[in-house]
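Chemist: My structure is in input.csv, and what it holds is CSV, C-alpha atoms:
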```
chain,number,residue,atom,x,y,z
A,6,MET,CA,-16.6,4.8,20.6
A,7,ALA,CA,-20.3,5.0,20.1
A,8,ASP,CA,-20.2,8.8,19.9
A,9,ALA,CA,-17.6,8.6,17.2
A,10,THR,CA,-20.0,6.8,14.8
A,11,LEU,CA,-21.8,8.3,11.8
A,12,GLN,CA,-25.5,8.5,12.7
A,13,HIS,CA,-28.0,7.0,10.3
A,14,GLY,CA,-31.2,8.7,11.1
A,15,SER,CA,-33.2,7.0,8.4
A,16,VAL,CA,-32.7,3.6,10.0
A,17,GLN,CA,-35.4,2.9,12.6
A,18,HIS,CA,-35.2,-0.1,15.0
A,19,ASP,CA,-38.2,-1.2,17.0
A,20,SER,CA,-36.8,-3.5,19.6
A,21,SER,CA,-33.9,-3.0,22.0
A,22,GLN,CA,-32.3,-6.1,20.5
A,23,ARG,CA,-32.2,-4.6,17.1
A,24,ASP,CA,-31.0,-1.3,18.5
A,25,SER,CA,-28.0,-3.2,19.9
A,26,LEU,CA,-27.3,-4.5,16.5
A,27,GLN,CA,-27.1,-1.1,15.0
A,28,HIS,CA,-23.5,-0.6,13.8
A,29,GLY,CA,-21.3,1.7,15.8
A,30,LEU,CA,-22.0,0.0,19.1
A,31,PRO,CA,-19.2,-2.6,19.4
A,32,GLY,CA,-19.0,-4.4,22.7
A,33,GLU,CA,-22.8,-4.3,23.3
A,34,TYR,CA,-23.3,-7.4,21.2
A,35,GLU,CA,-19.8,-8.9,21.0
A,36,ALA,CA,-16.9,-9.4,23.3
A,37,PRO,CA,-14.1,-7.1,22.1
A,38,LEU,CA,-11.0,-9.0,21.1
A,39,PHE,CA,-7.8,-7.3,22.2
A,40,GLY,CA,-10.0,-4.3,23.1
A,41,ALA,CA,-10.9,-3.7,19.4
A,42,TYR,CA,-14.0,-4.5,17.4
A,43,SER,CA,-13.9,-7.6,15.2
A,44,LYS,CA,-13.6,-5.9,11.8
A,45,LYS,CA,-10.5,-4.1,12.9
A,46,VAL,CA,-8.9,-7.3,14.3
A,47,GLY,CA,-9.8,-9.1,11.1
A,48,MET,CA,-8.1,-6.4,9.0
A,49,TRP,CA,-5.0,-6.4,11.2
A,50,LEU,CA,-4.8,-10.2,10.8
A,51,PHE,CA,-5.2,-9.9,7.0
A,52,LEU,CA,-2.5,-7.2,6.9
A,53,ALA,CA,-0.1,-9.4,9.0
A,54,SER,CA,-0.6,-12.2,6.5
A,55,ASP,CA,-0.3,-9.8,3.5
A,56,SER,CA,2.9,-8.3,4.9
A,57,LEU,CA,4.4,-11.9,4.7
A,58,THR,CA,3.4,-12.0,1.0
A,59,PHE,CA,5.3,-8.8,0.4
A,60,GLY,CA,8.1,-9.9,2.7
A,61,ALA,CA,8.5,-13.1,0.5
A,62,LEU,CA,8.6,-11.0,-2.6
A,63,LEU,CA,11.1,-8.6,-1.2
A,64,VAL,CA,13.2,-11.5,0.0
A,65,ALA,CA,13.0,-13.0,-3.5
A,66,PHE,CA,14.2,-9.7,-4.9
A,67,SER,CA,17.0,-9.4,-2.4
A,68,TYR,CA,18.0,-13.1,-2.9
A,69,ASN,CA,18.4,-12.6,-6.6
A,70,ARG,CA,20.2,-9.4,-6.1
A,71,ILE,CA,22.8,-10.9,-3.8
A,72,TYR,CA,24.1,-13.6,-6.3
A,73,THR,CA,23.6,-11.7,-9.5
A,74,ALA,CA,25.5,-8.9,-11.2
A,75,TRP,CA,22.7,-6.5,-10.6
A,76,PRO,CA,22.0,-3.7,-13.1
A,77,THR,CA,21.6,-0.1,-11.9
A,78,PRO,CA,19.3,1.2,-14.7
A,79,PHE,CA,17.3,3.9,-12.9
A,80,GLY,CA,18.4,7.3,-14.0
A,81,LYS,CA,17.4,10.8,-12.8
A,82,ASP,CA,14.0,10.7,-14.5
A,83,SER,CA,13.0,7.4,-12.9
A,84,ILE,CA,14.2,8.5,-9.4
A,85,ILE,CA,12.3,11.8,-9.7
A,86,ASN,CA,9.2,10.0,-10.8
A,87,ALA,CA,9.4,7.4,-8.0
A,88,THR,CA,10.0,10.2,-5.5
A,89,ILE,CA,6.9,12.0,-6.6
A,90,MET,CA,5.0,8.7,-6.4
A,91,THR,CA,6.3,8.3,-2.8
A,92,ALA,CA,5.1,11.8,-2.0
A,93,CYS,CA,1.7,11.0,-3.4
A,94,LEU,CA,1.3,8.0,-1.2
A,95,LEU,CA,2.5,9.8,1.9
A,96,SER,CA,0.1,12.6,1.2
A,97,SER,CA,-2.7,10.1,0.6
A,98,SER,CA,-2.0,8.7,4.1
A,99,LEU,CA,-2.4,12.1,5.6
A,100,THR,CA,-5.8,12.7,3.8
A,101,MET,CA,-6.9,9.2,4.8
A,102,VAL,CA,-6.2,9.8,8.5
A,103,LEU,CA,-8.0,13.2,8.2
A,104,GLY,CA,-10.9,11.3,6.7
A,105,VAL,CA,-11.0,8.9,9.7
A,106,LEU,CA,-11.0,11.8,12.1
A,107,ALA,CA,-13.9,13.4,10.1
A,108,ALA,CA,-15.8,10.1,10.3
A,109,GLN,CA,-15.2,9.8,14.0
A,110,ARG,CA,-16.7,13.4,14.4
A,111,GLY,CA,-19.7,12.3,12.4
A,112,ASP,CA,-18.9,14.7,9.6
A,113,ARG,CA,-20.1,12.8,6.6
A,114,SER,CA,-19.3,15.4,3.9
A,115,TRP,CA,-15.7,15.9,5.0
A,116,THR,CA,-15.3,12.2,5.4
A,117,ARG,CA,-16.3,11.8,1.7
A,118,ASN,CA,-14.1,14.8,0.7
A,119,TRP,CA,-11.0,13.4,2.4
A,120,LEU,CA,-11.6,9.9,1.0
A,121,LEU,CA,-11.9,11.4,-2.5
A,122,ALA,CA,-8.6,13.3,-1.9
A,123,THR,CA,-7.0,10.0,-0.9
A,124,MET,CA,-8.3,8.3,-4.0
A,125,PHE,CA,-7.0,11.2,-6.1
A,126,PHE,CA,-3.4,10.7,-4.7
A,127,GLY,CA,-3.8,6.9,-5.1
A,128,THR,CA,-4.9,7.3,-8.7
A,129,ALA,CA,-2.0,9.7,-9.3
A,130,PHE,CA,0.4,7.1,-8.0
A,131,ILE,CA,-1.1,4.4,-10.3
A,132,VAL,CA,-0.9,6.7,-13.3
A,133,LEU,CA,2.7,7.7,-12.6
A,134,HIS,CA,3.6,4.1,-12.0
A,135,GLY,CA,1.9,3.1,-15.2
A,136,MET,CA,3.8,5.7,-17.2
A,137,GLU,CA,7.1,4.5,-15.6
A,138,TRP,CA,6.3,0.9,-16.6
A,139,SER,CA,5.4,1.9,-20.1
A,140,LYS,CA,8.6,3.9,-20.4
A,141,LEU,CA,10.7,1.0,-19.2
A,142,ILE,CA,8.9,-1.5,-21.4
A,143,SER,CA,9.4,0.8,-24.5
A,144,GLU,CA,13.1,0.9,-23.7
A,145,GLY,CA,13.3,-2.9,-23.7
A,146,LEU,CA,12.7,-4.0,-20.1
A,147,THR,CA,10.3,-6.9,-20.6
A,148,LEU,CA,9.1,-10.3,-19.6
A,149,PRO,CA,8.3,-13.3,-22.0
A,150,GLY,CA,4.5,-12.8,-21.5
A,151,PHE,CA,4.5,-9.1,-22.3
A,152,PRO,CA,3.3,-7.8,-25.7
A,153,LYS,CA,6.1,-7.2,-28.1
A,154,ILE,CA,6.9,-3.6,-29.0
A,155,ALA,CA,8.7,-2.8,-32.2
A,156,GLY,CA,11.9,-0.8,-31.7
A,157,ALA,CA,12.2,-1.5,-28.0
A,158,GLU,CA,15.9,-2.1,-28.3
A,159,GLY,CA,17.3,0.4,-25.7
A,160,GLU,CA,19.6,-0.2,-22.8
A,161,PHE,CA,16.9,-2.1,-20.9
A,162,ALA,CA,16.8,-4.7,-23.6
A,163,LYS,CA,20.3,-5.7,-22.6
A,164,VAL,CA,19.3,-5.8,-19.0
A,165,SER,CA,16.3,-8.1,-19.8
A,166,ALA,CA,18.7,-10.4,-21.8
A,167,SER,CA,21.6,-10.5,-19.4
A,168,THR,CA,19.7,-10.4,-16.1
A,169,PRO,CA,16.2,-11.7,-16.5
A,170,GLN,CA,15.9,-11.8,-12.7
A,171,PHE,CA,15.7,-8.0,-12.7
A,172,PRO,CA,12.5,-7.6,-14.8
A,173,ALA,CA,11.0,-10.7,-13.2
A,174,THR,CA,11.4,-9.4,-9.7
A,175,PHE,CA,10.8,-5.7,-10.6
A,176,PHE,CA,7.6,-6.3,-12.4
A,177,GLY,CA,6.4,-9.0,-9.9
A,178,LEU,CA,7.0,-6.8,-6.9
A,179,THR,CA,5.7,-3.5,-8.3
A,180,ALA,CA,2.7,-5.2,-10.0
A,181,MET,CA,1.7,-6.8,-6.7
A,182,HIS,CA,1.9,-3.4,-5.1
A,183,MET,CA,0.1,-1.6,-7.9
A,184,LEU,CA,-2.7,-4.1,-7.7
A,185,HIS,CA,-3.0,-3.4,-3.9
A,186,VAL,CA,-3.1,0.3,-4.6
A,187,THR,CA,-5.8,-0.2,-7.3
A,188,ILE,CA,-7.9,-2.4,-4.9
A,189,GLY,CA,-7.4,0.3,-2.2
A,190,VAL,CA,-8.7,3.1,-4.4
A,191,ILE,CA,-11.7,1.0,-5.3
A,192,TYR,CA,-12.2,0.0,-1.6
A,193,LEU,CA,-12.2,3.7,-0.7
A,194,GLY,CA,-14.5,4.5,-3.6
A,195,VAL,CA,-17.1,2.0,-2.4
A,196,ILE,CA,-16.9,3.4,1.2
A,197,ALA,CA,-17.2,7.0,0.0
A,198,LEU,CA,-19.7,6.8,-2.9
A,199,ARG,CA,-21.2,3.3,-2.5
A,200,LYS,CA,-23.3,2.2,-5.5
A,201,TRP,CA,-22.5,5.4,-7.4
A,202,PHE,CA,-18.9,4.3,-7.6
A,203,LEU,CA,-19.8,1.2,-9.5
A,204,ALA,CA,-20.9,3.3,-12.5
A,205,ILE,CA,-17.7,5.3,-12.3
A,206,LEU,CA,-15.6,2.2,-12.1
A,207,GLY,CA,-17.5,0.7,-15.1
A,208,VAL,CA,-16.9,3.8,-17.2
A,209,ILE,CA,-13.2,3.8,-16.3
A,210,TYR,CA,-12.9,0.1,-17.2
A,211,VAL,CA,-14.6,0.5,-20.6
A,212,ALA,CA,-12.7,3.7,-21.4
A,213,GLY,CA,-9.4,2.1,-20.4
A,214,TYR,CA,-10.0,-1.0,-22.4
A,215,PHE,CA,-10.7,0.9,-25.6
A,216,LEU,CA,-8.3,3.7,-25.2
A,217,ILE,CA,-5.2,1.8,-24.1
A,218,PRO,CA,-3.4,0.4,-27.2
A,219,SER,CA,-3.3,-3.4,-27.5
A,220,ASN,CA,0.5,-3.5,-27.4
A,221,ASN,CA,0.4,-1.9,-23.9
A,222,ILE,CA,0.5,-4.3,-20.9
A,223,PHE,CA,-2.3,-2.2,-19.2
A,224,HIS,CA,-4.7,-3.1,-22.0
A,225,TYR,CA,-4.7,-6.5,-20.3
A,226,GLY,CA,-4.0,-5.3,-16.8
A,227,ILE,CA,-7.2,-3.2,-16.8
A,228,HIS,CA,-9.2,-6.4,-16.5
A,229,ALA,CA,-8.4,-6.2,-12.8
A,230,LEU,CA,-10.9,-3.4,-12.7
A,231,LEU,CA,-13.6,-5.6,-14.1
A,232,ILE,CA,-12.9,-8.3,-11.5
A,233,CYS,CA,-13.1,-5.6,-8.8
A,234,LEU,CA,-16.3,-4.2,-10.3
A,235,ILE,CA,-17.9,-7.7,-10.1
A,236,VAL,CA,-16.8,-8.2,-6.5
A,237,ALA,CA,-17.8,-4.7,-5.4
A,238,SER,CA,-21.2,-5.2,-7.1
A,239,VAL,CA,-21.8,-8.5,-5.3
A,240,ILE,CA,-20.9,-6.9,-1.9
A,241,LEU,CA,-23.0,-3.7,-2.4
A,242,PHE,CA,-26.1,-5.5,-3.7
A,243,LEU,CA,-26.0,-8.4,-1.2
A,244,LYS,CA,-25.3,-6.3,1.8
A,245,PRO,CA,-26.2,-2.7,1.1
A,246,LYS,CA,-25.4,-0.4,4.1
A,247,ASP,CA,-24.2,3.0,5.1
A,248,TYR,CA,-20.6,2.7,5.9
A,249,ASP,CA,-19.8,4.1,9.4
A,250,ALA,CA,-16.7,5.4,11.1
A,251,HIS,CA,-15.5,1.9,11.8
A,252,ASP,CA,-15.6,1.0,8.2
A,253,VAL,CA,-13.7,4.1,7.3
A,254,GLU,CA,-11.1,3.3,9.9
A,255,VAL,CA,-10.7,-0.3,8.7
A,256,SER,CA,-10.3,0.9,5.1
A,257,GLY,CA,-7.7,3.4,6.4
A,258,LEU,CA,-5.7,0.5,7.9
A,259,TYR,CA,-5.6,-1.1,4.5
A,260,TRP,CA,-4.6,2.1,2.8
A,261,HIS,CA,-1.8,2.9,5.2
A,262,PHE,CA,-0.5,-0.6,4.8
A,263,VAL,CA,-0.2,0.0,1.0
A,264,ASP,CA,1.8,3.1,1.8
A,265,LEU,CA,3.9,1.2,4.3
A,266,VAL,CA,4.9,-1.5,1.8
A,267,TRP,CA,6.1,1.2,-0.7
A,268,MET,CA,8.4,2.5,2.0
A,269,PHE,CA,10.4,-0.6,1.5
A,270,ILE,CA,10.0,-1.1,-2.2
A,271,PHE,CA,11.1,2.4,-3.0
A,272,PRO,CA,14.6,2.2,-1.4
A,273,LEU,CA,15.2,-1.5,-2.2
A,274,VAL,CA,14.1,-1.5,-5.8
A,275,TYR,CA,14.7,2.1,-7.0
A,276,LEU,CA,17.3,3.8,-4.8
A,277,MET,CA,19.6,0.8,-4.6
A,278,SER,CA,19.6,0.5,-8.4
A,279,THR,CA,20.3,4.2,-9.1
A,280,ARG,CA,22.5,5.0,-12.1
A,281,VAL,CA,24.4,8.2,-11.4
B,3,MET,CA,-11.3,1.3,18.8
B,4,THR,CA,-10.6,1.0,22.5
B,5,HIS,CA,-11.5,3.6,25.1
B,6,ASP,CA,-7.7,4.3,25.3
B,7,ALA,CA,-7.9,5.0,21.6
B,8,ALA,CA,-11.0,7.0,21.8
B,9,THR,CA,-9.4,9.4,24.4
B,10,HIS,CA,-6.0,9.8,22.8
B,11,ASP,CA,-5.0,13.2,21.5
B,12,ASP,CA,-6.7,13.3,18.1
B,13,SER,CA,-5.4,16.7,17.2
B,14,LYS,CA,-4.7,17.0,13.5
B,15,GLY,CA,-1.3,18.7,14.2
B,16,GLN,CA,0.5,15.4,15.1
B,17,TYR,CA,-0.5,13.9,11.8
B,18,PHE,CA,0.9,16.8,9.8
B,19,TRP,CA,4.1,16.5,11.8
B,20,VAL,CA,4.3,12.8,11.0
B,21,TRP,CA,3.6,13.5,7.4
B,22,GLY,CA,6.3,16.2,7.3
B,23,ALA,CA,8.8,13.8,9.0
B,24,LEU,CA,8.0,11.1,6.4
B,25,LEU,CA,8.6,13.5,3.6
B,26,VAL,CA,11.9,14.7,5.1
B,27,LEU,CA,13.1,11.1,5.6
B,28,THR,CA,12.2,10.3,2.0
B,29,ALA,CA,14.2,13.3,0.8
B,30,ILE,CA,17.2,12.2,2.9
B,31,GLU,CA,17.0,8.7,1.4
B,32,VAL,CA,16.9,10.1,-2.2
B,33,VAL,CA,19.9,12.4,-1.6
B,34,LEU,CA,21.9,9.7,0.1
B,35,ALA,CA,21.2,7.2,-2.8
B,36,TYR,CA,21.6,9.6,-5.7
B,37,ARG,CA,24.9,11.1,-4.4
B,38,GLN,CA,26.0,7.5,-3.4
B,39,VAL,CA,27.3,8.7,-0.1
B,40,PHE,CA,27.9,5.2,1.2
B,41,GLN,CA,29.2,1.9,-0.2
B,42,PRO,CA,26.3,-0.4,-1.3
B,43,VAL,CA,26.2,-2.6,1.8
B,44,ARG,CA,26.3,0.4,4.2
B,45,MET,CA,23.8,2.2,1.9
B,46,LEU,CA,21.5,-0.7,2.2
B,47,GLU,CA,21.8,-0.7,6.0
B,48,VAL,CA,21.1,3.1,6.2
B,49,LEU,CA,18.2,3.0,3.8
B,50,LEU,CA,16.6,0.0,5.6
B,51,LEU,CA,17.0,1.8,8.9
B,52,LEU,CA,15.3,4.9,7.6
B,53,SER,CA,12.5,2.7,6.1
B,54,VAL,CA,12.0,1.0,9.5
B,55,ILE,CA,11.7,4.4,11.1
B,56,LYS,CA,9.2,5.5,8.5
B,57,SER,CA,7.2,2.4,8.8
B,58,ALA,CA,7.1,2.7,12.6
B,59,LEU,CA,5.7,6.2,12.2
B,60,ILE,CA,3.1,5.0,9.8
B,61,ILE,CA,2.1,2.0,11.9
B,62,GLY,CA,2.2,3.9,15.2
B,63,TYR,CA,0.4,7.1,14.2
B,64,PHE,CA,-1.5,6.7,10.9
B,65,MET,CA,-2.6,3.2,11.7
B,66,HIS,CA,-3.1,4.1,15.4
B,67,LEU,CA,-1.3,1.0,16.7
B,68,LYS,CA,0.4,3.2,19.3
B,69,PHE,CA,-3.0,3.8,20.8
B,70,GLU,CA,-4.2,0.2,20.8
B,71,LYS,CA,-4.1,-2.1,23.8
B,72,ALA,CA,-0.6,-3.3,24.7
B,73,LEU,CA,-1.6,-7.0,24.1
B,74,MET,CA,-2.7,-6.3,20.5
B,75,ARG,CA,0.2,-4.1,19.9
B,76,TRP,CA,2.9,-6.5,21.0
B,77,LEU,CA,1.1,-9.6,19.6
B,78,LEU,CA,1.1,-8.1,16.1
B,79,VAL,CA,4.6,-6.7,16.2
B,80,ILE,CA,6.3,-9.7,17.7
B,81,SER,CA,4.5,-12.3,15.4
B,82,VAL,CA,5.2,-10.4,12.2
B,83,THR,CA,8.8,-9.7,13.2
B,84,ALA,CA,9.4,-13.3,14.1
B,85,CYS,CA,8.1,-14.4,10.7
B,86,PHE,CA,10.5,-12.0,8.9
B,87,ILE,CA,13.4,-13.3,11.0
B,88,ILE,CA,12.5,-16.9,10.1
B,89,MET,CA,12.4,-15.9,6.4
B,90,TYR,CA,15.8,-14.2,6.8
B,91,PHE,CA,17.4,-17.3,8.3
B,92,PHE,CA,15.9,-19.6,5.7
B,93,PHE,CA,16.7,-17.7,2.5
B,94,PHE,CA,19.8,-15.5,3.0
B,95,PRO,CA,22.3,-18.1,4.1
B,96,ASP,CA,21.2,-20.0,0.9
B,97,ALA,CA,21.9,-16.9,-1.2
B,98,GLY,CA,25.3,-16.7,0.4
B,99,ARG,CA,25.9,-20.4,-0.3
B,100,VAL,CA,25.3,-19.8,-4.0
B,101,LEU,CA,28.0,-17.1,-3.9
B,102,ARG,CA,30.5,-19.3,-2.1
B,103,LEU,CA,29.9,-22.0,-4.7
B,104,GLY,CA,31.0,-19.5,-7.3
B,105,VAL,CA,27.8,-19.5,-9.3
B,106,GLN,CA,27.5,-16.4,-11.4
```
Kindly present the structure from the file in structure tokens form.
Modeler:
Amino acid sequence: MADATLQHGSVQHDSSQRDSLQHGLPGEYEAPLFGAYSKKVGMWLFLASDSLTFGALLVAFSYNRIYTAWPTPFGKDSIINATIMTACLLSSSLTMVLGVLAAQRGDRSWTRNWLLATMFFGTAFIVLHGMEWSKLISEGLTLPGFPKIAGAEGEFAKVSASTPQFPATFFGLTAMHMLHVTIGVIYLGVIALRKWFLAILGVIYVAGYFLIPSNNIFHYGIHALLICLIVASVILFLKPKDYDAHDVEVSGLYWHFVDLVWMFIFPLVYLMSTRV
Amino acid sequence: MTHDAATHDDSKGQYFWVWGALLVLTAIEVVLAYRQVFQPVRMLEVLLLLSVIKSALIIGYFMHLKFEKALMRWLLVISVTACFIIMYFFFFPDAGRVLRLGVQ
């Protein structure tokens, strides 16, 4: 796979030992595990464990649904919105895989372009999901810790009162997924733009904090960006590097996993609770 | 990436086909659910079957697991599936027990 790695001409190594440590040459300095380089195996193991996290949340959702008189509150607007969100995620997976192919060809500019396209679709998903959340909360679907909204007495207020398991599992499951998508967008931003992305992320965080009203749950949720900004800064300043084709492929594994999880959340949470 | 993976057909066309198939399967899911073609339990079975097909396409093609070594492929699939089966046998009989006890 050495030929499939982005070349970094500016990096010069004097000894053959340091040459062998140049990234993009797996197998020359480490025994491949399962025929794959260690970063990829590590990501697969993380995804296997993360799939159990989502599996537990989906089981909790289904468990509650089995023994509860479950509401079917999602009307046409919600289903159309969730379908567009699904199309965004599926399209982002296509652009991600095209980015991986570009990275393996050594085409750095198209790698960046495809990663930015993936981030665009991911951001569109987050924004659409945020709008859906805000709409549901404004109609009364809420949890005890959420900010109170005056006049939120719609049909969903009855759902929150009669079946608190519904908002608890709905918000728990979709928040966990939205967090994963957010982390994925930031991960791709770091791979694509490196330190430049930190400034962009900082601006988005500050703008979001001041522009989102304080009675909106995302006024508090946006602090996740601050945590990600700190973590990304530590990583980029402690270990600055050019990200190669392997890094792009590993980030792609994470991104596709986020897409994969939504393939179960969408039918279980939305389609099985459709109000016709 | 293995040598097998490096030499597999990396043509872009297959990814567009997979993407199209995923969109079509999603559209089928939405139509089935919105028109309520089946009763809830049968609907759940059909939607989950379609989701498993979609996830297999994503894992196999987009995540390239189809092109990894057989050992890695089977180890991952079998271990994760086994964990889900264990979860199922732990939790769902209990949910059924709550129903049989008549708790609303």
Chemist: Just to confirm, what's the straight-line distance from atom CA of A:Ala155 to atom CA of A:Ser143 in Å (one decimal)?
Modeler: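 Between atom CA of A:Ala155 and atom CA of A:Ser143 the gap is 8.5 Å.
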Chemist: Go ahead and compute the interatomic distance for atom CA of A:Tyr214 and atom CA of A:Val132, in Å to one decimal.
Modeler: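 Rounded to one decimal, the two atoms are 15.0 Å apart.
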Chemist: I'd like the contact shell of A:Lys81 - 10 Å cut-off, only C-alpha atoms, skipping same-chain residues fewer than 3 positions apart - returned as a list in words.
Modeler: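 Near neighbours after the sequence-gap exclusion: Pro78, Ile84, Ile85, Asn86, Ala87, Thr279, Arg280 and Val281 of chain A; Tyr36 of chain B.
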Chemist: Quick one: residues within 10 Å of A:Val190, only C-alpha atoms counted, chain neighbours fewer than 6 positions away excluded, as a ChimeraX atom specification?
Modeler: /A:120-121,123-128,131,184,196,256,260
Chemist: Applying 12 Å and all atoms listed in the file, which residues near A:Thr88 remain after dropping the ones on its own chain fewer than 6 positions away? List them as an MDAnalysis selection string.
Modeler: (chainID A and resid 81:82 94:95 130 133:134 137 267:268 270:272 275:276) or (chainID B and resid 25:33 35:36)
Chemist: Name all residues at most 9 Å from stretch 15-18 of chain B (count all atoms listed in the file; drop same-chain ones fewer than 2 positions away) and give them as JSON, numbers by chain.
Modeler: {"A": [99, 102, 103], "B": [11, 12, 13, 20, 21, 22, 23, 63, 64]}
